[in-house]
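Below is upload_26.pdb, which holds PDB, N, CA and C atoms.
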ATOM      1  N   MET A 300     151.039  88.550 296.800  1.00  0.00           N
ATOM      2  CA  MET A 300     150.880  87.193 296.331  1.00  0.00           C
ATOM      3  C   MET A 300     151.670  86.277 297.264  1.00  0.00           C
ATOM      4  N   LYS A 301     151.093  85.209 297.661  1.00  0.00           N
ATOM      5  CA  LYS A 301     151.761  84.219 298.510  1.00  0.00           C
ATOM      6  C   LYS A 301     152.590  83.267 297.637  1.00  0.00           C
ATOM      7  N   ALA A 302     153.576  82.633 298.243  1.00  0.00           N
ATOM      8  CA  ALA A 302     154.470  81.721 297.515  1.00  0.00           C
ATOM      9  C   ALA A 302     153.684  80.597 296.840  1.00  0.00           C
ATOM     10  N   SER A 303     152.674  80.058 297.516  1.00  0.00           N
ATOM     11  CA  SER A 303     151.895  78.955 296.929  1.00  0.00           C
ATOM     12  C   SER A 303     151.150  79.414 295.671  1.00  0.00           C
ATOM     13  N   ASP A 304     150.650  80.660 295.665  1.00  0.00           N
ATOM     14  CA  ASP A 304     149.987  81.198 294.466  1.00  0.00           C
ATOM     15  C   ASP A 304     150.988  81.364 293.327  1.00  0.00           C
ATOM     16  N   LEU A 305     152.175  81.872 293.652  1.00  0.00           N
ATOM     17  CA  LEU A 305     153.219  82.046 292.643  1.00  0.00           C
ATOM     18  C   LEU A 305     153.616  80.702 292.038  1.00  0.00           C
ATOM     19  N   ILE A 306     153.770  79.697 292.879  1.00  0.00           N
ATOM     20  CA  ILE A 306     154.136  78.360 292.389  1.00  0.00           C
ATOM     21  C   ILE A 306     153.073  77.829 291.444  1.00  0.00           C
ATOM     22  N   ARG A 307     151.804  77.960 291.819  1.00  0.00           N
ATOM     23  CA  ARG A 307     150.720  77.483 290.943  1.00  0.00           C
ATOM     24  C   ARG A 307     150.731  78.205 289.600  1.00  0.00           C
ATOM     25  N   GLU A 308     150.915  79.525 289.628  1.00  0.00           N
ATOM     26  CA  GLU A 308     150.929  80.283 288.377  1.00  0.00           C
ATOM     27  C   GLU A 308     152.130  79.907 287.512  1.00  0.00           C
ATOM     28  N   LEU A 309     153.289  79.744 288.129  1.00  0.00           N
ATOM     29  CA  LEU A 309     154.474  79.324 287.371  1.00  0.00           C
ATOM     30  C   LEU A 309     154.291  77.929 286.777  1.00  0.00           C
ATOM     31  N   GLU A 310     153.706  77.004 287.548  1.00  0.00           N
ATOM     32  CA  GLU A 310     153.456  75.660 287.021  1.00  0.00           C
ATOM     33  C   GLU A 310     152.528  75.701 285.813  1.00  0.00           C
ATOM     34  N   ALA A 311     151.503  76.557 285.863  1.00  0.00           N
ATOM     35  CA  ALA A 311     150.568  76.663 284.735  1.00  0.00           C
ATOM     36  C   ALA A 311     151.282  77.191 283.497  1.00  0.00           C
ATOM     37  N   VAL A 312     152.151  78.189 283.658  1.00  0.00           N
ATOM     38  CA  VAL A 312     152.891  78.743 282.522  1.00  0.00           C
ATOM     39  C   VAL A 312     153.863  77.698 281.963  1.00  0.00           C
ATOM     40  N   VAL A 313     154.543  76.962 282.839  1.00  0.00           N
ATOM     41  CA  VAL A 313     155.475  75.918 282.394  1.00  0.00           C
ATOM     42  C   VAL A 313     154.719  74.827 281.647  1.00  0.00           C
ATOM     43  N   ASP A 314     153.538  74.457 282.124  1.00  0.00           N
ATOM     44  CA  ASP A 314     152.731  73.448 281.434  1.00  0.00           C
ATOM     45  C   ASP A 314     152.364  73.893 280.018  1.00  0.00           C
ATOM     46  N   ARG A 315     152.070  75.188 279.850  1.00  0.00           N
ATOM     47  CA  ARG A 315     151.671  75.705 278.532  1.00  0.00           C
ATOM     48  C   ARG A 315     152.842  75.986 277.614  1.00  0.00           C
ATOM     49  N   HIS A 316     153.968  76.483 278.161  1.00  0.00           N
ATOM     50  CA  HIS A 316     155.035  77.015 277.316  1.00  0.00           C
ATOM     51  C   HIS A 316     156.394  76.360 277.518  1.00  0.00           C
ATOM     52  N   GLY A 317     156.529  75.469 278.482  1.00  0.00           N
ATOM     53  CA  GLY A 317     157.808  74.819 278.744  1.00  0.00           C
ATOM     54  C   GLY A 317     158.607  75.550 279.816  1.00  0.00           C
ATOM     55  N   ASP A 318     159.729  74.944 280.190  1.00  0.00           N
ATOM     56  CA  ASP A 318     160.584  75.479 281.252  1.00  0.00           C
ATOM     57  C   ASP A 318     161.514  76.531 280.662  1.00  0.00           C
ATOM     58  N   LEU A 319     161.142  77.790 280.814  1.00  0.00           N
ATOM     59  CA  LEU A 319     161.861  78.914 280.214  1.00  0.00           C
ATOM     60  C   LEU A 319     162.558  79.752 281.281  1.00  0.00           C
ATOM     61  N   PRO A 320     163.533  80.588 280.895  1.00  0.00           N
ATOM     62  CA  PRO A 320     164.134  81.521 281.853  1.00  0.00           C
ATOM     63  C   PRO A 320     163.062  82.468 282.407  1.00  0.00           C
ATOM     64  N   VAL A 321     163.280  82.953 283.624  1.00  0.00           N
ATOM     65  CA  VAL A 321     162.340  83.850 284.292  1.00  0.00           C
ATOM     66  C   VAL A 321     162.958  85.237 284.378  1.00  0.00           C
ATOM     67  N   THR A 322     162.190  86.257 284.041  1.00  0.00           N
ATOM     68  CA  THR A 322     162.630  87.640 284.223  1.00  0.00           C
ATOM     69  C   THR A 322     161.609  88.376 285.073  1.00  0.00           C
ATOM     70  N   LEU A 323     162.029  89.462 285.666  1.00  0.00           N
ATOM     71  CA  LEU A 323     161.204  90.308 286.502  1.00  0.00           C
ATOM     72  C   LEU A 323     161.056  91.652 285.794  1.00  0.00           C
ATOM     73  N   ALA A 324     159.830  92.037 285.468  1.00  0.00           N
ATOM     74  CA  ALA A 324     159.599  93.295 284.758  1.00  0.00           C
ATOM     75  C   ALA A 324     159.079  94.336 285.737  1.00  0.00           C
ATOM     76  N   ILE A 325     159.768  95.477 285.802  1.00  0.00           N
ATOM     77  CA  ILE A 325     159.358  96.587 286.656  1.00  0.00           C
ATOM     78  C   ILE A 325     159.358  97.835 285.786  1.00  0.00           C
ATOM     79  N   ALA A 326     158.173  98.385 285.583  1.00  0.00           N
ATOM     80  CA  ALA A 326     158.001  99.535 284.697  1.00  0.00           C
ATOM     81  C   ALA A 326     158.599  99.206 283.338  1.00  0.00           C
ATOM     82  N   THR A 327     159.582  99.959 282.883  1.00  0.00           N
ATOM     83  CA  THR A 327     160.163  99.711 281.562  1.00  0.00           C
ATOM     84  C   THR A 327     161.457  98.916 281.644  1.00  0.00           C
ATOM     85  N   TYR A 328     161.791  98.396 282.819  1.00  0.00           N
ATOM     86  CA  TYR A 328     163.023  97.625 282.992  1.00  0.00           C
ATOM     87  C   TYR A 328     162.708  96.151 283.152  1.00  0.00           C
ATOM     88  N   GLU A 329     163.623  95.307 282.710  1.00  0.00           N
ATOM     89  CA  GLU A 329     163.463  93.863 282.839  1.00  0.00           C
ATOM     90  C   GLU A 329     164.750  93.291 283.430  1.00  0.00           C
ATOM     91  N   TYR A 330     164.601  92.481 284.464  1.00  0.00           N
ATOM     92  CA  TYR A 330     165.740  91.899 285.163  1.00  0.00           C
ATOM     93  C   TYR A 330     165.616  90.379 285.169  1.00  0.00           C
ATOM     94  N   SER A 331     166.747  89.684 285.139  1.00  0.00           N
ATOM     95  CA  SER A 331     166.710  88.245 285.370  1.00  0.00           C
ATOM     96  C   SER A 331     166.678  88.021 286.879  1.00  0.00           C
ATOM     97  N   ILE A 332     166.340  86.812 287.301  1.00  0.00           N
ATOM     98  CA  ILE A 332     166.246  86.520 288.722  1.00  0.00           C
ATOM     99  C   ILE A 332     167.634  86.198 289.246  1.00  0.00           C
ATOM    100  N   GLY A 333     168.072  86.933 290.252  1.00  0.00           N
ATOM    101  CA  GLY A 333     169.381  86.714 290.845  1.00  0.00           C
ATOM    102  C   GLY A 333     169.347  85.669 291.937  1.00  0.00           C
ATOM    103  N   SER A 334     168.333  85.739 292.799  1.00  0.00           N
ATOM    104  CA  SER A 334     168.208  84.784 293.892  1.00  0.00           C
ATOM    105  C   SER A 334     166.824  84.898 294.505  1.00  0.00           C
ATOM    106  N   VAL A 335     166.472  83.902 295.296  1.00  0.00           N
ATOM    107  CA  VAL A 335     165.222  83.904 296.041  1.00  0.00           C
ATOM    108  C   VAL A 335     165.591  83.634 297.493  1.00  0.00           C
ATOM    109  N   GLY A 336     165.044  84.412 298.393  1.00  0.00           N
ATOM    110  CA  GLY A 336     165.384  84.222 299.793  1.00  0.00           C
ATOM    111  C   GLY A 336     164.260  84.642 300.715  1.00  0.00           C
ATOM    112  N   HIS A 337     164.593  84.858 301.954  1.00  0.00           N
ATOM    113  CA  HIS A 337     163.628  85.202 302.996  1.00  0.00           C
ATOM    114  C   HIS A 337     164.170  86.382 303.790  1.00  0.00           C
ATOM    115  N   THR A 338     163.290  87.227 304.262  1.00  0.00           N
ATOM    116  CA  THR A 338     163.704  88.321 305.145  1.00  0.00           C
ATOM    117  C   THR A 338     162.666  88.509 306.228  1.00  0.00           C
ATOM    118  N   LYS A 339     163.122  88.917 307.390  1.00  0.00           N
ATOM    119  CA  LYS A 339     162.204  89.189 308.494  1.00  0.00           C
ATOM    120  C   LYS A 339     161.456  90.495 308.239  1.00  0.00           C
ATOM    121  N   ALA A 340     160.528  90.828 309.102  1.00  0.00           N
ATOM    122  CA  ALA A 340     159.747  92.053 308.955  1.00  0.00           C
ATOM    123  C   ALA A 340     160.656  93.275 308.990  1.00  0.00           C
ATOM    124  N   GLY A 341     160.251  94.318 308.262  1.00  0.00           N
ATOM    125  CA  GLY A 341     161.022  95.554 308.224  1.00  0.00           C
ATOM    126  C   GLY A 341     161.738  95.727 306.900  1.00  0.00           C
ATOM    127  N   PRO A 342     162.672  96.669 306.845  1.00  0.00           N
ATOM    128  CA  PRO A 342     163.378  96.950 305.584  1.00  0.00           C
ATOM    129  C   PRO A 342     164.350  95.836 305.221  1.00  0.00           C
ATOM    130  N   LEU A 343     164.660  95.728 303.948  1.00  0.00           N
ATOM    131  CA  LEU A 343     165.671  94.769 303.503  1.00  0.00           C
ATOM    132  C   LEU A 343     167.032  95.198 304.039  1.00  0.00           C
ATOM    133  N   PRO A 344     167.856  94.246 304.458  1.00  0.00           N
ATOM    134  CA  PRO A 344     169.184  94.617 304.968  1.00  0.00           C
ATOM    135  C   PRO A 344     170.034  95.353 303.927  1.00  0.00           C
ATOM    136  N   ILE A 345     169.842  95.039 302.638  1.00  0.00           N
ATOM    137  CA  ILE A 345     170.653  95.648 301.577  1.00  0.00           C
ATOM    138  C   ILE A 345     169.878  96.702 300.804  1.00  0.00           C
ATOM    139  N   ASN A 346     168.798  97.228 301.398  1.00  0.00           N
ATOM    140  CA  ASN A 346     167.948  98.196 300.703  1.00  0.00           C
ATOM    141  C   ASN A 346     168.744  99.438 300.329  1.00  0.00           C
ATOM    142  N   SER A 347     168.701  99.783 299.047  1.00  0.00           N
ATOM    143  CA  SER A 347     169.421 100.973 298.584  1.00  0.00           C
ATOM    144  C   SER A 347     168.528 102.215 298.579  1.00  0.00           C
ATOM    145  N   GLY A 348     167.224 102.032 298.806  1.00  0.00           N
ATOM    146  CA  GLY A 348     166.307 103.164 298.844  1.00  0.00           C
ATOM    147  C   GLY A 348     166.153 103.687 300.257  1.00  0.00           C
ATOM    148  N   ASP A 349     165.010 104.272 300.525  1.00  0.00           N
ATOM    149  CA  ASP A 349     164.716 104.819 301.845  1.00  0.00           C
ATOM    150  C   ASP A 349     164.177 103.695 302.734  1.00  0.00           C
ATOM    151  N   PRO A 350     164.973 103.187 303.700  1.00  0.00           N
ATOM    152  CA  PRO A 350     164.512 102.075 304.518  1.00  0.00           C
ATOM    153  C   PRO A 350     163.274 102.404 305.343  1.00  0.00           C
ATOM    154  N   GLN A 351     163.025 103.681 305.633  1.00  0.00           N
ATOM    155  CA  GLN A 351     161.839 104.045 306.406  1.00  0.00           C
ATOM    156  C   GLN A 351     160.560 103.724 305.649  1.00  0.00           C
ATOM    157  N   LYS A 352     160.608 103.707 304.324  1.00  0.00           N
ATOM    158  CA  LYS A 352     159.418 103.384 303.539  1.00  0.00           C
ATOM    159  C   LYS A 352     159.098 101.894 303.601  1.00  0.00           C
ATOM    160  N   GLN A 353     160.027 101.078 304.107  1.00  0.00           N
ATOM    161  CA  GLN A 353     159.803  99.641 304.188  1.00  0.00           C
ATOM    162  C   GLN A 353     159.603  99.157 305.615  1.00  0.00           C
ATOM    163  N   ASP A 354     159.540 100.054 306.591  1.00  0.00           N
ATOM    164  CA  ASP A 354     159.413  99.645 307.990  1.00  0.00           C
ATOM    165  C   ASP A 354     158.197  98.766 308.234  1.00  0.00           C
ATOM    166  N   ALA A 355     157.095  99.000 307.545  1.00  0.00           N
ATOM    167  CA  ALA A 355     155.859  98.262 307.795  1.00  0.00           C
ATOM    168  C   ALA A 355     155.769  96.960 307.006  1.00  0.00           C
ATOM    169  N   GLN A 356     156.790  96.591 306.267  1.00  0.00           N
ATOM    170  CA  GLN A 356     156.743  95.367 305.474  1.00  0.00           C
ATOM    171  C   GLN A 356     156.754  94.135 306.379  1.00  0.00           C
ATOM    172  N   PRO A 357     155.944  93.112 306.069  1.00  0.00           N
ATOM    173  CA  PRO A 357     155.900  91.904 306.894  1.00  0.00           C
ATOM    174  C   PRO A 357     157.082  90.981 306.584  1.00  0.00           C
ATOM    175  N   GLU A 358     157.219  89.924 307.374  1.00  0.00           N
ATOM    176  CA  GLU A 358     158.151  88.853 307.038  1.00  0.00           C
ATOM    177  C   GLU A 358     157.761  88.350 305.655  1.00  0.00           C
ATOM    178  N   ARG A 359     158.755  88.084 304.774  1.00  0.00           N
ATOM    179  CA  ARG A 359     158.392  87.785 303.394  1.00  0.00           C
ATOM    180  C   ARG A 359     159.490  87.031 302.660  1.00  0.00           C
ATOM    181  N   ILE A 360     159.106  86.476 301.511  1.00  0.00           N
ATOM    182  CA  ILE A 360     160.024  85.869 300.558  1.00  0.00           C
ATOM    183  C   ILE A 360     160.428  86.968 299.590  1.00  0.00           C
ATOM    184  N   VAL A 361     161.711  87.062 299.260  1.00  0.00           N
ATOM    185  CA  VAL A 361     162.204  88.118 298.396  1.00  0.00           C
ATOM    186  C   VAL A 361     162.809  87.502 297.136  1.00  0.00           C
ATOM    187  N   VAL A 362     162.362  87.970 295.975  1.00  0.00           N
ATOM    188  CA  VAL A 362     162.947  87.585 294.692  1.00  0.00           C
ATOM    189  C   VAL A 362     163.834  88.741 294.273  1.00  0.00           C
ATOM    190  N   GLU A 363     165.123  88.496 294.160  1.00  0.00           N
ATOM    191  CA  GLU A 363     166.071  89.534 293.813  1.00  0.00           C
ATOM    192  C   GLU A 363     166.305  89.528 292.310  1.00  0.00           C
ATOM    193  N   GLY A 364     166.215  90.701 291.694  1.00  0.00           N
ATOM    194  CA  GLY A 364     166.497  90.825 290.269  1.00  0.00           C
ATOM    195  C   GLY A 364     167.939  91.186 290.049  1.00  0.00           C
ATOM    196  N   LYS A 365     168.499  90.780 288.896  1.00  0.00           N
ATOM    197  CA  LYS A 365     169.865  91.188 288.543  1.00  0.00           C
ATOM    198  C   LYS A 365     169.856  91.675 287.107  1.00  0.00           C
ATOM    199  N   MET A 366     170.709  92.643 286.823  1.00  0.00           N
ATOM    200  CA  MET A 366     170.767  93.209 285.489  1.00  0.00           C
ATOM    201  C   MET A 366     171.656  92.364 284.604  1.00  0.00           C
TER     202      MET A 366
END
What would you get if you wrote out this structure as C-alpha cells?
Amino acid sequence: MKASDLIRELEAVVDRHGDLPVTLAIATYEYSIGSVGHTKAGPLPINSGDPQKQDAQPERIVVEGKM
C-alpha cells in the first residue's frame, strides 16, 4: 500500500468514526503506533529478525509498533 492510499483510507475512517487512536494488528497481537519514518532499500537498521529476508525490500515508509 502506498502512503497516499493509506492517507485516503485513514481519512475515510476518521470521517465515519472520528479521530481515534491507531493500533497495528499482526496475527493475534495488537500494537500502538510508536513512530512513522523512512528507510532506504534493504533491511531495517534495527531489524531483530533475519536481515537477509529483507534484502529485497524497496525504499519505504515504516510504521513502527510499540507494545
Reference answer for the PyMOL selection byres ((chain A and resi 324-329) around 7), as a ChimeraX atom specification = /A:322-323,330-331,365-366
Could you tell me which residues the PyMOL selection byres (((chain A and resi 338 and name CA) around 9) and name CA) returns for this structure, as a PyMOL selection string?
-> chain A and resi 336-337+339-344+357-361
Between atom N of Ala355 (chain A) and atom C of Ile332 (chain A), distance in Å (one decimal) =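 Atom-to-atom, atom N of Ala355 (chain A) and atom C of Ile332 (chain A) are spaced 24.7 Å apart.
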By how many Å are CA of Leu309 (chain A) and CA of Gln356 (chain A) apart?
-> 24.3 Å
Got a sec to tell me which of chain A DSSP assigns to strand (DSSP E or B), as an mmCIF file with N, CA and C atoms, keeping the file's coordinate frame?
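Here's the written file selection_31.cif:
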data_model
loop_
_atom_site.group_PDB
_atom_site.id
_atom_site.type_symbol
_atom_site.label_atom_id
_atom_site.label_comp_id
_atom_site.auth_asym_id
_atom_site.auth_seq_id
_atom_site.Cartn_x
_atom_site.Cartn_y
_atom_site.Cartn_z
ATOM 1 N N THR A 322 162.190 86.257 284.041
ATOM 2 C CA THR A 322 162.630 87.640 284.223
ATOM 3 C C THR A 322 161.609 88.376 285.073
ATOM 4 N N LEU A 323 162.029 89.462 285.666
ATOM 5 C CA LEU A 323 161.204 90.308 286.502
ATOM 6 C C LEU A 323 161.056 91.652 285.794
ATOM 7 N N ALA A 324 159.830 92.037 285.468
ATOM 8 C CA ALA A 324 159.599 93.295 284.758
ATOM 9 C C ALA A 324 159.079 94.336 285.737
ATOM 10 N N ILE A 325 159.768 95.477 285.802
ATOM 11 C CA ILE A 325 159.358 96.587 286.656
ATOM 12 C C ILE A 325 159.358 97.835 285.786
ATOM 13 N N TYR A 328 161.791 98.396 282.819
ATOM 14 C CA TYR A 328 163.023 97.625 282.992
ATOM 15 C C TYR A 328 162.708 96.151 283.152
ATOM 16 N N GLU A 329 163.623 95.307 282.710
ATOM 17 C CA GLU A 329 163.463 93.863 282.839
ATOM 18 C C GLU A 329 164.750 93.291 283.430
ATOM 19 N N TYR A 330 164.601 92.481 284.464
ATOM 20 C CA TYR A 330 165.740 91.899 285.163
ATOM 21 C C TYR A 330 165.616 90.379 285.169
ATOM 22 N N SER A 331 166.747 89.684 285.139
ATOM 23 C CA SER A 331 166.710 88.245 285.370
ATOM 24 C C SER A 331 166.678 88.021 286.879
ATOM 25 N N ILE A 332 166.340 86.812 287.301
ATOM 26 C CA ILE A 332 166.246 86.520 288.722
ATOM 27 C C ILE A 332 167.634 86.198 289.246
ATOM 28 N N GLY A 333 168.072 86.933 290.252
ATOM 29 C CA GLY A 333 169.381 86.714 290.845
ATOM 30 C C GLY A 333 169.347 85.669 291.937
ATOM 31 N N SER A 334 168.333 85.739 292.799
ATOM 32 C CA SER A 334 168.208 84.784 293.892
ATOM 33 C C SER A 334 166.824 84.898 294.505
ATOM 34 N N VAL A 335 166.472 83.902 295.296
ATOM 35 C CA VAL A 335 165.222 83.904 296.041
ATOM 36 C C VAL A 335 165.591 83.634 297.493
ATOM 37 N N GLY A 336 165.044 84.412 298.393
ATOM 38 C CA GLY A 336 165.384 84.222 299.793
ATOM 39 C C GLY A 336 164.260 84.642 300.715
ATOM 40 N N HIS A 337 164.593 84.858 301.954
ATOM 41 C CA HIS A 337 163.628 85.202 302.996
ATOM 42 C C HIS A 337 164.170 86.382 303.790
ATOM 43 N N THR A 338 163.290 87.227 304.262
ATOM 44 C CA THR A 338 163.704 88.321 305.145
ATOM 45 C C THR A 338 162.666 88.509 306.228
ATOM 46 N N ARG A 359 158.755 88.084 304.774
ATOM 47 C CA ARG A 359 158.392 87.785 303.394
ATOM 48 C C ARG A 359 159.490 87.031 302.660
ATOM 49 N N ILE A 360 159.106 86.476 301.511
ATOM 50 C CA ILE A 360 160.024 85.869 300.558
ATOM 51 C C ILE A 360 160.428 86.968 299.590
ATOM 52 N N VAL A 361 161.711 87.062 299.260
ATOM 53 C CA VAL A 361 162.204 88.118 298.396
ATOM 54 C C VAL A 361 162.809 87.502 297.136
ATOM 55 N N VAL A 362 162.362 87.970 295.975
ATOM 56 C CA VAL A 362 162.947 87.585 294.692
ATOM 57 C C VAL A 362 163.834 88.741 294.273
ATOM 58 N N GLU A 363 165.123 88.496 294.160
ATOM 59 C CA GLU A 363 166.071 89.534 293.813
ATOM 60 C C GLU A 363 166.305 89.528 292.310
ATOM 61 N N GLY A 364 166.215 90.701 291.694
ATOM 62 C CA GLY A 364 166.497 90.825 290.269
ATOM 63 C C GLY A 364 167.939 91.186 290.049
ATOM 64 N N LYS A 365 168.499 90.780 288.896
ATOM 65 C CA LYS A 365 169.865 91.188 288.543
ATOM 66 C C LYS A 365 169.856 91.675 287.107
#
Nearest to Val335 (chain A) by atom-to-atom distance, counting only N, CA and C atoms, from A:Met300, A:Glu363, A:Val321, A:Leu305 =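 Of A:Met300, A:Glu363, A:Val321, A:Leu305, the one nearest Val335 (chain A), counting only N, CA and C atoms, is A:Glu363.
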Could you state the separation of atom N of Gly333 (chain A) and atom N of Arg315 (chain A) in Å, given to one decimal place?
->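 Interatomic distance, atom N of Gly333 (chain A) to atom N of Arg315 (chain A): 22.4 Å.
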Which centre and which edge lengths, in Å to one decimal, describe the axis-aligned box that holds all listed atoms of region 310-318 of chain A after 5 Å is added on each side, as lines of an AutoDock Vina configuration file?
center_x = 156.0
center_y = 76.1
center_z = 282.4
size_x = 20.9
size_y = 15.3
size_z = 20.2
Mind the document's chain letters and residue numbers, and return as a ChimeraX atom specification the residues of chain A that DSSP labels helix (DSSP H, G or I).
-> /A:302-316,350-353
